[in-house]
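Source file data_20.pdb; content: PDB, C-alpha atoms, pLDDT in the B column.
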```pdb
ATOM      1  CA  MET A   1      65.448  55.961 -39.824  1.00 81.00           C
ATOM      2  CA  LYS A   2      62.732  57.600 -37.718  1.00 84.00           C
ATOM      3  CA  ARG A   3      59.213  58.683 -38.618  1.00 83.00           C
ATOM      4  CA  GLN A   4      56.633  60.438 -36.514  1.00 87.00           C
ATOM      5  CA  VAL A   5      52.991  59.539 -37.106  1.00 84.00           C
ATOM      6  CA  VAL A   6      49.881  60.988 -35.493  1.00 92.00           C
ATOM      7  CA  LEU A   7      46.797  58.761 -35.410  1.00 94.00           C
ATOM      8  CA  THR A   8      43.201  59.517 -34.576  1.00 95.00           C
ATOM      9  CA  VAL A   9      41.546  57.249 -32.017  1.00 94.00           C
ATOM     10  CA  ALA A  10      39.658  55.490 -34.822  1.00 95.00           C
ATOM     11  CA  GLU A  11      42.876  54.944 -36.791  1.00 97.00           C
ATOM     12  CA  SER A  12      44.520  53.538 -33.665  1.00 97.00           C
ATOM     13  CA  LYS A  13      41.652  51.110 -33.140  1.00 97.00           C
ATOM     14  CA  ARG A  14      42.008  49.911 -36.733  1.00 98.00           C
ATOM     15  CA  LEU A  15      45.772  49.461 -36.341  1.00 98.00           C
ATOM     16  CA  ILE A  16      45.323  47.513 -33.088  1.00 98.00           C
ATOM     17  CA  ALA A  17      42.568  45.375 -34.626  1.00 98.00           C
ATOM     18  CA  LYS A  18      44.738  44.431 -37.610  1.00 98.00           C
ATOM     19  CA  ALA A  19      47.492  43.354 -35.234  1.00 98.00           C
ATOM     20  CA  VAL A  20      45.174  41.329 -32.991  1.00 98.00           C
ATOM     21  CA  ALA A  21      43.682  39.534 -36.004  1.00 98.00           C
ATOM     22  CA  GLY A  22      47.184  38.671 -37.218  1.00 97.00           C
ATOM     23  CA  MET A  23      48.556  37.337 -33.924  1.00 97.00           C
ATOM     24  CA  ASP A  24      49.789  33.748 -34.092  1.00 97.00           C
ATOM     25  CA  VAL A  25      47.652  32.648 -31.111  1.00 97.00           C
ATOM     26  CA  VAL A  26      44.551  34.159 -32.711  1.00 98.00           C
ATOM     27  CA  GLN A  27      45.232  32.581 -36.099  1.00 98.00           C
ATOM     28  CA  ARG A  28      45.797  29.177 -34.505  1.00 97.00           C
ATOM     29  CA  ALA A  29      42.567  29.438 -32.483  1.00 98.00           C
ATOM     30  CA  LEU A  30      40.662  30.452 -35.605  1.00 97.00           C
ATOM     31  CA  ARG A  31      41.927  27.323 -37.354  1.00 97.00           C
ATOM     32  CA  GLU A  32      41.779  24.798 -34.531  1.00 97.00           C
ATOM     33  CA  GLY A  33      39.900  26.171 -31.530  1.00 97.00           C
ATOM     34  CA  MET A  34      37.631  28.929 -30.328  1.00 98.00           C
ATOM     35  CA  VAL A  35      37.778  32.725 -30.300  1.00 98.00           C
ATOM     36  CA  VAL A  36      35.418  35.012 -28.388  1.00 98.00           C
ATOM     37  CA  ILE A  37      35.331  38.717 -29.211  1.00 98.00           C
ATOM     38  CA  ALA A  38      33.570  40.513 -26.362  1.00 96.00           C
ATOM     39  CA  GLN A  39      31.620  43.629 -27.284  1.00 94.00           C
ATOM     40  CA  GLY A  40      33.408  46.970 -27.202  1.00 93.00           C
ATOM     41  CA  THR A  41      34.428  49.896 -29.374  1.00 93.00           C
ATOM     42  CA  THR A  42      37.923  48.627 -30.170  1.00 96.00           C
ATOM     43  CA  ASN A  43      36.636  45.076 -30.516  1.00 96.00           C
ATOM     44  CA  SER A  44      34.139  46.186 -33.162  1.00 97.00           C
ATOM     45  CA  TYR A  45      37.195  46.840 -35.340  1.00 97.00           C
ATOM     46  CA  VAL A  46      38.619  43.431 -34.348  1.00 98.00           C
ATOM     47  CA  VAL A  47      35.352  41.824 -35.520  1.00 97.00           C
ATOM     48  CA  GLU A  48      35.715  43.523 -38.913  1.00 97.00           C
ATOM     49  CA  GLU A  49      39.336  42.404 -39.308  1.00 98.00           C
ATOM     50  CA  ILE A  50      38.617  38.796 -38.336  1.00 97.00           C
ATOM     51  CA  LEU A  51      35.378  38.430 -40.311  1.00 97.00           C
ATOM     52  CA  GLY A  52      36.701  40.405 -43.279  1.00 96.00           C
ATOM     53  CA  ARG A  53      33.596  42.552 -43.583  1.00 96.00           C
ATOM     54  CA  LYS A  54      32.201  45.816 -42.280  1.00 96.00           C
ATOM     55  CA  ILE A  55      29.708  45.959 -39.410  1.00 94.00           C
ATOM     56  CA  ASP A  56      27.794  48.830 -37.835  1.00 91.00           C
ATOM     57  CA  LYS A  57      30.331  49.475 -35.092  1.00 91.00           C
ATOM     58  CA  ARG A  58      27.725  51.326 -33.000  1.00 88.00           C
ATOM     59  CA  ALA A  59      25.930  48.001 -32.681  1.00 90.00           C
ATOM     60  CA  TYR A  60      28.832  46.107 -31.083  1.00 92.00           C
ATOM     61  CA  VAL A  61      29.286  47.986 -27.827  1.00 88.00           C
ATOM     62  CA  THR A  62      28.270  47.345 -24.256  1.00 79.00           C
ATOM     63  CA  GLY A  63      28.415  49.286 -21.014  1.00 67.00           C
ATOM     64  CA  ARG A  64      28.197  52.721 -22.603  1.00 66.00           C
ATOM     65  CA  THR A  65      29.507  55.618 -20.534  1.00 66.00           C
ATOM     66  CA  THR A  66      27.748  58.768 -21.677  1.00 67.00           C
ATOM     67  CA  PRO A  67      26.821  62.081 -20.032  1.00 70.00           C
ATOM     68  CA  LYS A  68      23.230  62.729 -18.994  1.00 71.00           C
ATOM     69  CA  THR A  69      23.252  65.860 -21.142  1.00 72.00           C
ATOM     70  CA  PRO A  70      23.299  66.650 -23.932  1.00 66.00           C
ATOM     71  CA  GLU A  71      21.007  63.891 -25.095  1.00 64.00           C
ATOM     72  CA  ARG A  72      22.124  61.590 -27.867  1.00 62.00           C
ATOM     73  CA  ALA A  73      21.987  62.903 -31.381  1.00 62.00           C
ATOM     74  CA  PRO A  74      18.699  62.140 -33.088  1.00 63.00           C
ATOM     75  CA  GLY A  75      18.667  59.250 -35.463  1.00 66.00           C
ATOM     76  CA  GLU A  76      17.921  55.596 -35.717  1.00 70.00           C
ATOM     77  CA  GLU A  77      19.455  53.407 -33.017  1.00 73.00           C
ATOM     78  CA  ALA A  78      21.781  50.686 -34.245  1.00 78.00           C
ATOM     79  CA  LYS A  79      20.333  47.188 -33.993  1.00 85.00           C
ATOM     80  CA  PRO A  80      22.579  45.266 -31.558  1.00 87.00           C
ATOM     81  CA  ILE A  81      24.825  42.583 -33.026  1.00 92.00           C
ATOM     82  CA  PRO A  82      24.998  39.335 -31.015  1.00 93.00           C
ATOM     83  CA  ASP A  83      28.305  38.330 -29.447  1.00 94.00           C
ATOM     84  CA  ILE A  84      30.818  36.947 -31.940  1.00 97.00           C
ATOM     85  CA  VAL A  85      31.925  33.461 -30.911  1.00 97.00           C
ATOM     86  CA  LEU A  86      33.933  31.464 -33.441  1.00 98.00           C
ATOM     87  CA  ARG A  87      34.736  27.756 -33.509  1.00 97.00           C
ATOM     88  CA  ARG A  88      37.343  26.853 -36.148  1.00 96.00           C
ATOM     89  CA  GLY A  89      36.591  30.160 -37.849  1.00 95.00           C
ATOM     90  CA  GLU A  90      32.810  29.712 -38.034  1.00 97.00           C
ATOM     91  CA  ILE A  91      30.331  31.769 -36.018  1.00 97.00           C
ATOM     92  CA  VAL A  92      28.530  29.762 -33.335  1.00 96.00           C
ATOM     93  CA  LYS A  93      25.202  31.572 -32.991  1.00 95.00           C
ATOM     94  CA  GLU A  94      23.953  29.616 -29.982  1.00 97.00           C
ATOM     95  CA  LEU A  95      26.841  30.776 -27.751  1.00 96.00           C
ATOM     96  CA  ASN A  96      27.623  34.186 -26.284  1.00 96.00           C
ATOM     97  CA  ARG A  97      30.584  35.754 -24.495  1.00 95.00           C
ATOM     98  CA  ILE A  98      29.592  34.059 -21.208  1.00 96.00           C
ATOM     99  CA  THR A  99      28.277  30.634 -22.268  1.00 96.00           C
ATOM    100  CA  ALA A 100      31.176  30.119 -24.683  1.00 97.00           C
ATOM    101  CA  LEU A 101      33.512  29.587 -21.720  1.00 97.00           C
ATOM    102  CA  ASP A 102      31.838  26.212 -21.034  1.00 96.00           C
ATOM    103  CA  HIS A 103      33.186  24.992 -24.397  1.00 97.00           C
ATOM    104  CA  MET A 104      36.606  26.666 -24.401  1.00 97.00           C
ATOM    105  CA  ASP A 105      39.903  25.162 -23.321  1.00 96.00           C
ATOM    106  CA  ARG A 106      43.657  25.708 -23.109  1.00 96.00           C
ATOM    107  CA  GLY A 107      44.985  27.735 -26.036  1.00 96.00           C
ATOM    108  CA  ASP A 108      41.650  29.242 -27.055  1.00 98.00           C
ATOM    109  CA  VAL A 109      41.399  33.042 -27.233  1.00 98.00           C
ATOM    110  CA  TYR A 110      39.198  35.542 -25.406  1.00 98.00           C
ATOM    111  CA  ILE A 111      39.433  39.160 -26.620  1.00 98.00           C
ATOM    112  CA  LYS A 112      38.240  41.818 -24.159  1.00 97.00           C
ATOM    113  CA  GLY A 113      38.509  45.585 -24.416  1.00 95.00           C
ATOM    114  CA  CYS A 114      39.587  47.846 -21.549  1.00 94.00           C
ATOM    115  CA  ASN A 115      38.735  51.242 -20.102  1.00 94.00           C
ATOM    116  CA  ALA A 116      42.047  52.179 -18.502  1.00 95.00           C
ATOM    117  CA  LEU A 117      45.690  51.221 -18.924  1.00 96.00           C
ATOM    118  CA  ASP A 118      48.657  51.366 -16.570  1.00 95.00           C
ATOM    119  CA  TYR A 119      51.212  50.663 -19.284  1.00 94.00           C
ATOM    120  CA  ARG A 120      54.270  50.819 -17.052  1.00 92.00           C
ATOM    121  CA  ASN A 121      52.953  47.982 -14.860  1.00 92.00           C
ATOM    122  CA  ARG A 122      51.198  46.157 -17.741  1.00 94.00           C
ATOM    123  CA  VAL A 123      47.826  46.226 -15.970  1.00 96.00           C
ATOM    124  CA  ALA A 124      44.524  47.118 -17.621  1.00 96.00           C
ATOM    125  CA  GLY A 125      41.393  48.344 -15.870  1.00 96.00           C
ATOM    126  CA  ILE A 126      37.884  47.305 -16.868  1.00 94.00           C
ATOM    127  CA  LEU A 127      34.861  49.251 -15.651  1.00 93.00           C
ATOM    128  CA  ILE A 128      32.089  47.203 -14.063  1.00 92.00           C
ATOM    129  CA  GLY A 129      28.637  48.720 -13.832  1.00 87.00           C
ATOM    130  CA  ALA A 130      26.606  45.556 -13.251  1.00 87.00           C
ATOM    131  CA  LYS A 131      26.213  44.122  -9.756  1.00 87.00           C
ATOM    132  CA  ASP A 132      26.919  40.607 -11.063  1.00 88.00           C
ATOM    133  CA  GLY A 133      30.412  41.654 -12.151  1.00 87.00           C
ATOM    134  CA  GLY A 134      29.663  42.236 -15.827  1.00 89.00           C
ATOM    135  CA  THR A 135      31.523  40.417 -18.596  1.00 91.00           C
ATOM    136  CA  ILE A 136      34.920  40.278 -16.917  1.00 92.00           C
ATOM    137  CA  GLY A 137      33.539  39.323 -13.523  1.00 91.00           C
ATOM    138  CA  ASN A 138      31.647  36.414 -15.054  1.00 93.00           C
ATOM    139  CA  THR A 139      34.530  35.122 -17.167  1.00 95.00           C
ATOM    140  CA  ILE A 140      37.940  35.838 -15.634  1.00 95.00           C
ATOM    141  CA  GLY A 141      38.002  32.809 -13.319  1.00 96.00           C
ATOM    142  CA  ARG A 142      37.444  30.358 -16.148  1.00 96.00           C
ATOM    143  CA  ILE A 143      39.768  32.245 -18.501  1.00 97.00           C
ATOM    144  CA  VAL A 144      42.584  31.890 -15.965  1.00 97.00           C
ATOM    145  CA  GLY A 145      41.563  28.406 -14.808  1.00 97.00           C
ATOM    146  CA  LYS A 146      41.430  26.979 -18.341  1.00 97.00           C
ATOM    147  CA  ARG A 147      44.598  28.759 -19.515  1.00 97.00           C
ATOM    148  CA  ILE A 148      42.749  30.627 -22.231  1.00 98.00           C
ATOM    149  CA  HIS A 149      44.698  33.447 -23.908  1.00 98.00           C
ATOM    150  CA  LEU A 150      43.226  36.764 -22.720  1.00 98.00           C
ATOM    151  CA  ILE A 151      44.009  39.466 -25.263  1.00 98.00           C
ATOM    152  CA  LEU A 152      43.388  43.061 -24.196  1.00 98.00           C
ATOM    153  CA  PRO A 153      43.303  45.489 -27.146  1.00 98.00           C
ATOM    154  CA  VAL A 154      43.512  49.036 -25.781  1.00 97.00           C
ATOM    155  CA  GLY A 155      44.537  52.366 -27.247  1.00 96.00           C
ATOM    156  CA  LEU A 156      47.067  54.598 -25.516  1.00 96.00           C
ATOM    157  CA  GLU A 157      44.375  57.274 -25.157  1.00 95.00           C
ATOM    158  CA  LYS A 158      43.225  55.205 -22.156  1.00 95.00           C
ATOM    159  CA  LEU A 159      46.482  55.618 -20.246  1.00 95.00           C
ATOM    160  CA  VAL A 160      46.175  56.487 -16.563  1.00 93.00           C
ATOM    161  CA  TYR A 161      49.066  57.675 -14.437  1.00 87.00           C
ATOM    162  CA  GLY A 162      47.902  56.117 -11.206  1.00 85.00           C
ATOM    163  CA  ASP A 163      48.164  52.618  -9.819  1.00 91.00           C
ATOM    164  CA  ILE A 164      45.132  50.716 -11.165  1.00 93.00           C
ATOM    165  CA  ALA A 165      45.041  48.537  -8.045  1.00 92.00           C
ATOM    166  CA  GLU A 166      44.669  51.671  -5.901  1.00 92.00           C
ATOM    167  CA  LEU A 167      42.107  53.171  -8.289  1.00 92.00           C
ATOM    168  CA  SER A 168      40.194  49.879  -8.087  1.00 93.00           C
ATOM    169  CA  ARG A 169      40.150  50.020  -4.286  1.00 93.00           C
ATOM    170  CA  ARG A 170      38.810  53.571  -4.366  1.00 92.00           C
ATOM    171  CA  ALA A 171      36.104  52.732  -6.911  1.00 91.00           C
ATOM    172  CA  ALA A 172      35.033  49.684  -4.866  1.00 90.00           C
ATOM    173  CA  SER A 173      34.733  51.628  -1.602  1.00 92.00           C
ATOM    174  CA  THR A 174      31.294  51.352   0.008  1.00 92.00           C
ATOM    175  CA  ASP A 175      30.943  55.145  -0.011  1.00 92.00           C
ATOM    176  CA  ALA A 176      31.847  55.477  -3.709  1.00 89.00           C
ATOM    177  CA  GLU A 177      29.377  56.100  -6.535  1.00 89.00           C
ATOM    178  CA  GLY A 178      29.563  55.005 -10.159  1.00 87.00           C
ATOM    179  CA  PRO A 179      31.158  51.956 -11.785  1.00 90.00           C
ATOM    180  CA  ARG A 180      33.808  49.785 -10.201  1.00 92.00           C
ATOM    181  CA  LEU A 181      37.214  49.238 -11.810  1.00 93.00           C
ATOM    182  CA  MET A 182      38.728  45.751 -12.044  1.00 94.00           C
ATOM    183  CA  PRO A 183      42.483  45.313 -12.559  1.00 96.00           C
ATOM    184  CA  VAL A 184      43.187  42.696 -15.235  1.00 96.00           C
ATOM    185  CA  THR A 185      46.363  41.243 -16.714  1.00 96.00           C
ATOM    186  CA  GLY A 186      46.709  39.513 -20.045  1.00 97.00           C
ATOM    187  CA  THR A 187      48.317  40.167 -23.421  1.00 98.00           C
ATOM    188  CA  ILE A 188      48.001  43.930 -23.805  1.00 98.00           C
ATOM    189  CA  VAL A 189      47.976  45.179 -27.406  1.00 98.00           C
ATOM    190  CA  THR A 190      48.361  48.938 -27.848  1.00 98.00           C
ATOM    191  CA  GLU A 191      49.530  50.855 -30.893  1.00 97.00           C
ATOM    192  CA  ILE A 192      53.101  50.065 -29.785  1.00 96.00           C
ATOM    193  CA  GLU A 193      52.581  46.287 -29.850  1.00 97.00           C
ATOM    194  CA  ALA A 194      50.545  46.596 -33.053  1.00 97.00           C
ATOM    195  CA  LEU A 195      53.454  48.219 -34.871  1.00 95.00           C
ATOM    196  CA  LYS A 196      55.815  45.512 -33.586  1.00 96.00           C
ATOM    197  CA  ILE A 197      53.439  42.763 -34.751  1.00 96.00           C
ATOM    198  CA  LEU A 198      52.661  44.285 -38.135  1.00 96.00           C
ATOM    199  CA  ALA A 199      55.908  45.987 -39.077  1.00 93.00           C
ATOM    200  CA  GLY A 200      58.633  44.742 -36.739  1.00 91.00           C
ATOM    201  CA  VAL A 201      59.396  48.207 -35.387  1.00 88.00           C
TER
END
```
Full structure transcribed into structure tokens:
Amino acid sequence: MKRQVVLTVAESKRLIAKAVAGMDVVQRALREGMVVIAQGTTNSYVVEEILGRKIDKRAYVTGRTTPKTPERAPGEEAKPIPDIVLRRGEIVKELNRITALDHMDRGDVYIKGCNALDYRNRVAGILIGAKDGGTIGNTIGRIVGKRIHLILPVGLEKLVYGDIAELSRRAASTDAEGPRLMPVTGTIVTEIEALKILAGV
């Protein structure tokens, strides 16, 4: 039997978040270890699924990419939510997405959103605007070195049809402007993987 379903971006993020929250490695880390949920639009949905409550999703984003014009819609700015770091399922308020790595070890989970996806080659791209390397630049060495599970929730709307390694080289060129793009590998979870995890299809 076949069914065709069309999802909005928000619906896709919710689907992906439900799958990430239900992954065996995530559930084990919630019971026995540590889980870090880095800030991001998709990860704001992951926070809701793991904590079991709603948050102001506008308040759990970082590295916004917005046009200079038109200006943002008028209204009250969302009060930022601190990084969600969990140890055995409990929030650890004194740690953030960077300092948590000092306390993490093999089998723990780090959840990081992406900005681009080369699905065919299973490589994600993460934009870096900060000169210190941003979140991924400050964490990837320890994530790999400590054998921490890196989970990359990313919707298929972020597909690119170029080689992310080549795009990264272009963005890093000394004569380029704008953010850099870092190629990253890990456990990629798109809508496709989410449906496999949740429904076995």
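Atom pair atom CA of A:Asn121 / atom CA of A:Thr185 has a distance of 9.6 Å (rounded to one decimal).
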Neighbouring residues of A:Leu167 were defined as those with any atom within 10 Å, considering all atoms listed in the file; residues of the same chain fewer than 5 positions away were excluded. Please report them as a PDB file with C-alpha atoms, keeping the file's coordinate frame.
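The result, written out as part-v3.pdb:
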```pdb
ATOM      1  CA  GLY A 125      41.393  48.344 -15.870  1.00 96.00           C
ATOM      2  CA  VAL A 160      46.175  56.487 -16.563  1.00 93.00           C
ATOM      3  CA  GLY A 162      47.902  56.117 -11.206  1.00 85.00           C
ATOM      4  CA  ALA A 172      35.033  49.684  -4.866  1.00 90.00           C
ATOM      5  CA  ARG A 180      33.808  49.785 -10.201  1.00 92.00           C
ATOM      6  CA  LEU A 181      37.214  49.238 -11.810  1.00 93.00           C
ATOM      7  CA  MET A 182      38.728  45.751 -12.044  1.00 94.00           C
ATOM      8  CA  PRO A 183      42.483  45.313 -12.559  1.00 96.00           C
TER       9      PRO A 183
END
```
Can you list, as a PDB file with C-alpha atoms, in the frame of the given file, every protein, DNA or RNA residue that comes within 8 Å of stretch 42-53 of chain A when you count all atoms listed in the file, leaving out same-chain residues fewer than 3 positions away?
```
ATOM      1  CA  LYS A  13      41.652  51.110 -33.140  1.00 97.00           C
ATOM      2  CA  ARG A  14      42.008  49.911 -36.733  1.00 98.00           C
ATOM      3  CA  ILE A  16      45.323  47.513 -33.088  1.00 98.00           C
ATOM      4  CA  ALA A  17      42.568  45.375 -34.626  1.00 98.00           C
ATOM      5  CA  LYS A  18      44.738  44.431 -37.610  1.00 98.00           C
ATOM      6  CA  VAL A  20      45.174  41.329 -32.991  1.00 98.00           C
ATOM      7  CA  ALA A  21      43.682  39.534 -36.004  1.00 98.00           C
ATOM      8  CA  ILE A  37      35.331  38.717 -29.211  1.00 98.00           C
ATOM      9  CA  ALA A  38      33.570  40.513 -26.362  1.00 96.00           C
ATOM     10  CA  GLN A  39      31.620  43.629 -27.284  1.00 94.00           C
ATOM     11  CA  LYS A  57      30.331  49.475 -35.092  1.00 91.00           C
ATOM     12  CA  TYR A  60      28.832  46.107 -31.083  1.00 92.00           C
ATOM     13  CA  VAL A  61      29.286  47.986 -27.827  1.00 88.00           C
ATOM     14  CA  ILE A  84      30.818  36.947 -31.940  1.00 97.00           C
ATOM     15  CA  ILE A 111      39.433  39.160 -26.620  1.00 98.00           C
ATOM     16  CA  LYS A 112      38.240  41.818 -24.159  1.00 97.00           C
ATOM     17  CA  GLY A 113      38.509  45.585 -24.416  1.00 95.00           C
ATOM     18  CA  PRO A 153      43.303  45.489 -27.146  1.00 98.00           C
ATOM     19  CA  VAL A 154      43.512  49.036 -25.781  1.00 97.00           C
TER      20      VAL A 154
END
```
Report, in Å to a single decimal, how far apart atom CA of A:Leu30 and atom CA of A:Glu193 are. 20.6 Å
Evaluate the PyMOL selection byres ((chain A and resi 179) around 12) against this structure - the residues, as a PDB file with C-alpha atoms, keeping the file's coordinate frame, please.
```pdb
ATOM      1  CA  GLY A  63      28.415  49.286 -21.014  1.00 67.00           C
ATOM      2  CA  ARG A  64      28.197  52.721 -22.603  1.00 66.00           C
ATOM      3  CA  THR A  65      29.507  55.618 -20.534  1.00 66.00           C
ATOM      4  CA  ASN A 115      38.735  51.242 -20.102  1.00 94.00           C
ATOM      5  CA  GLY A 125      41.393  48.344 -15.870  1.00 96.00           C
ATOM      6  CA  ILE A 126      37.884  47.305 -16.868  1.00 94.00           C
ATOM      7  CA  LEU A 127      34.861  49.251 -15.651  1.00 93.00           C
ATOM      8  CA  ILE A 128      32.089  47.203 -14.063  1.00 92.00           C
ATOM      9  CA  GLY A 129      28.637  48.720 -13.832  1.00 87.00           C
ATOM     10  CA  ALA A 130      26.606  45.556 -13.251  1.00 87.00           C
ATOM     11  CA  LYS A 131      26.213  44.122  -9.756  1.00 87.00           C
ATOM     12  CA  GLY A 133      30.412  41.654 -12.151  1.00 87.00           C
ATOM     13  CA  GLY A 134      29.663  42.236 -15.827  1.00 89.00           C
ATOM     14  CA  LEU A 167      42.107  53.171  -8.289  1.00 92.00           C
ATOM     15  CA  SER A 168      40.194  49.879  -8.087  1.00 93.00           C
ATOM     16  CA  ARG A 169      40.150  50.020  -4.286  1.00 93.00           C
ATOM     17  CA  ARG A 170      38.810  53.571  -4.366  1.00 92.00           C
ATOM     18  CA  ALA A 171      36.104  52.732  -6.911  1.00 91.00           C
ATOM     19  CA  ALA A 172      35.033  49.684  -4.866  1.00 90.00           C
ATOM     20  CA  SER A 173      34.733  51.628  -1.602  1.00 92.00           C
ATOM     21  CA  THR A 174      31.294  51.352   0.008  1.00 92.00           C
ATOM     22  CA  ALA A 176      31.847  55.477  -3.709  1.00 89.00           C
ATOM     23  CA  GLU A 177      29.377  56.100  -6.535  1.00 89.00           C
ATOM     24  CA  GLY A 178      29.563  55.005 -10.159  1.00 87.00           C
ATOM     25  CA  ARG A 180      33.808  49.785 -10.201  1.00 92.00           C
ATOM     26  CA  LEU A 181      37.214  49.238 -11.810  1.00 93.00           C
ATOM     27  CA  MET A 182      38.728  45.751 -12.044  1.00 94.00           C
TER      28      MET A 182
END
```
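Considering only C-alpha atoms, the residue among A:Glu166, A:Gly186, A:Asp118, A:Arg28 positioned nearest to A:Arg147 is A:Gly186.
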When distances are computed from all atoms listed in the file, which of A:Ser12, A:Asn138, A:Thr41, A:Gln4 shows the smallest separation from A:Asp56? A:Thr41
Need the axis-aligned box for stretch 115-122 of chain A with 5 Å each side, so what are the centre and edges in Å to one decimal, as JSON?
```
{"center_x": 46.5, "center_y": 49.2, "center_z": -17.5, "size_x": 25.5, "size_y": 16.0, "size_z": 15.2}
```
Can you translate the PyMOL selection byres ((chain A and resi 139-145) around 9) into the concrete residues it hits in this file, as a PyMOL selection string? chain A and resi 97-98+101-102+104-106+109-110+134-138+146-150+184
Selected residue of minimal separation from A:Thr8 among A:Leu156, A:Gly22, A:Ile151, A:Asp175, counting all atoms listed in the file: A:Leu156
Gap from atom CA of A:Leu15 to atom CA of A:Ala100 - Å, one decimal: 26.9 Å
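Comparing A:Val85, A:Ala59, A:Met1, A:Val9 by their smallest distance to A:Thr190, the closest is A:Val9 (using only C-alpha atoms).
Minimum distance to A:Val36 across A:Asp108, A:Glu94, A:Glu76, A:Asp24 (counting all atoms listed in the file) occurs at A:Asp108.
Nearest-residue note for A:Ala124: choosing from A:Ala165, A:Leu7, A:Ile192, A:Ala19, the minimum distance belongs to A:Ala165, counting only C-alpha atoms.
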Just so the selection is clear, what residues does the PyMOL selection byres ((chain A and resi 32) around 10) cover here, as a list in words? Val26, Gln27, Arg28, Ala29, Leu30, Arg31, Gly33, Met34, Val35, Arg87, Arg88, Gly89, Gly107 and Asp108 of chain A
Output C-alpha atoms for every residue in that selection, as an mmCIF file, keeping the file's coordinate frame.
```
data_model
loop_
_atom_site.group_PDB
_atom_site.id
_atom_site.type_symbol
_atom_site.label_atom_id
_atom_site.label_comp_id
_atom_site.auth_asym_id
_atom_site.auth_seq_id
_atom_site.Cartn_x
_atom_site.Cartn_y
_atom_site.Cartn_z
ATOM 1 C CA VAL A 26 44.551 34.159 -32.711
ATOM 2 C CA GLN A 27 45.232 32.581 -36.099
ATOM 3 C CA ARG A 28 45.797 29.177 -34.505
ATOM 4 C CA ALA A 29 42.567 29.438 -32.483
ATOM 5 C CA LEU A 30 40.662 30.452 -35.605
ATOM 6 C CA ARG A 31 41.927 27.323 -37.354
ATOM 7 C CA GLY A 33 39.900 26.171 -31.530
ATOM 8 C CA MET A 34 37.631 28.929 -30.328
ATOM 9 C CA VAL A 35 37.778 32.725 -30.300
ATOM 10 C CA ARG A 87 34.736 27.756 -33.509
ATOM 11 C CA ARG A 88 37.343 26.853 -36.148
ATOM 12 C CA GLY A 89 36.591 30.160 -37.849
ATOM 13 C CA GLY A 107 44.985 27.735 -26.036
ATOM 14 C CA ASP A 108 41.650 29.242 -27.055
#
```
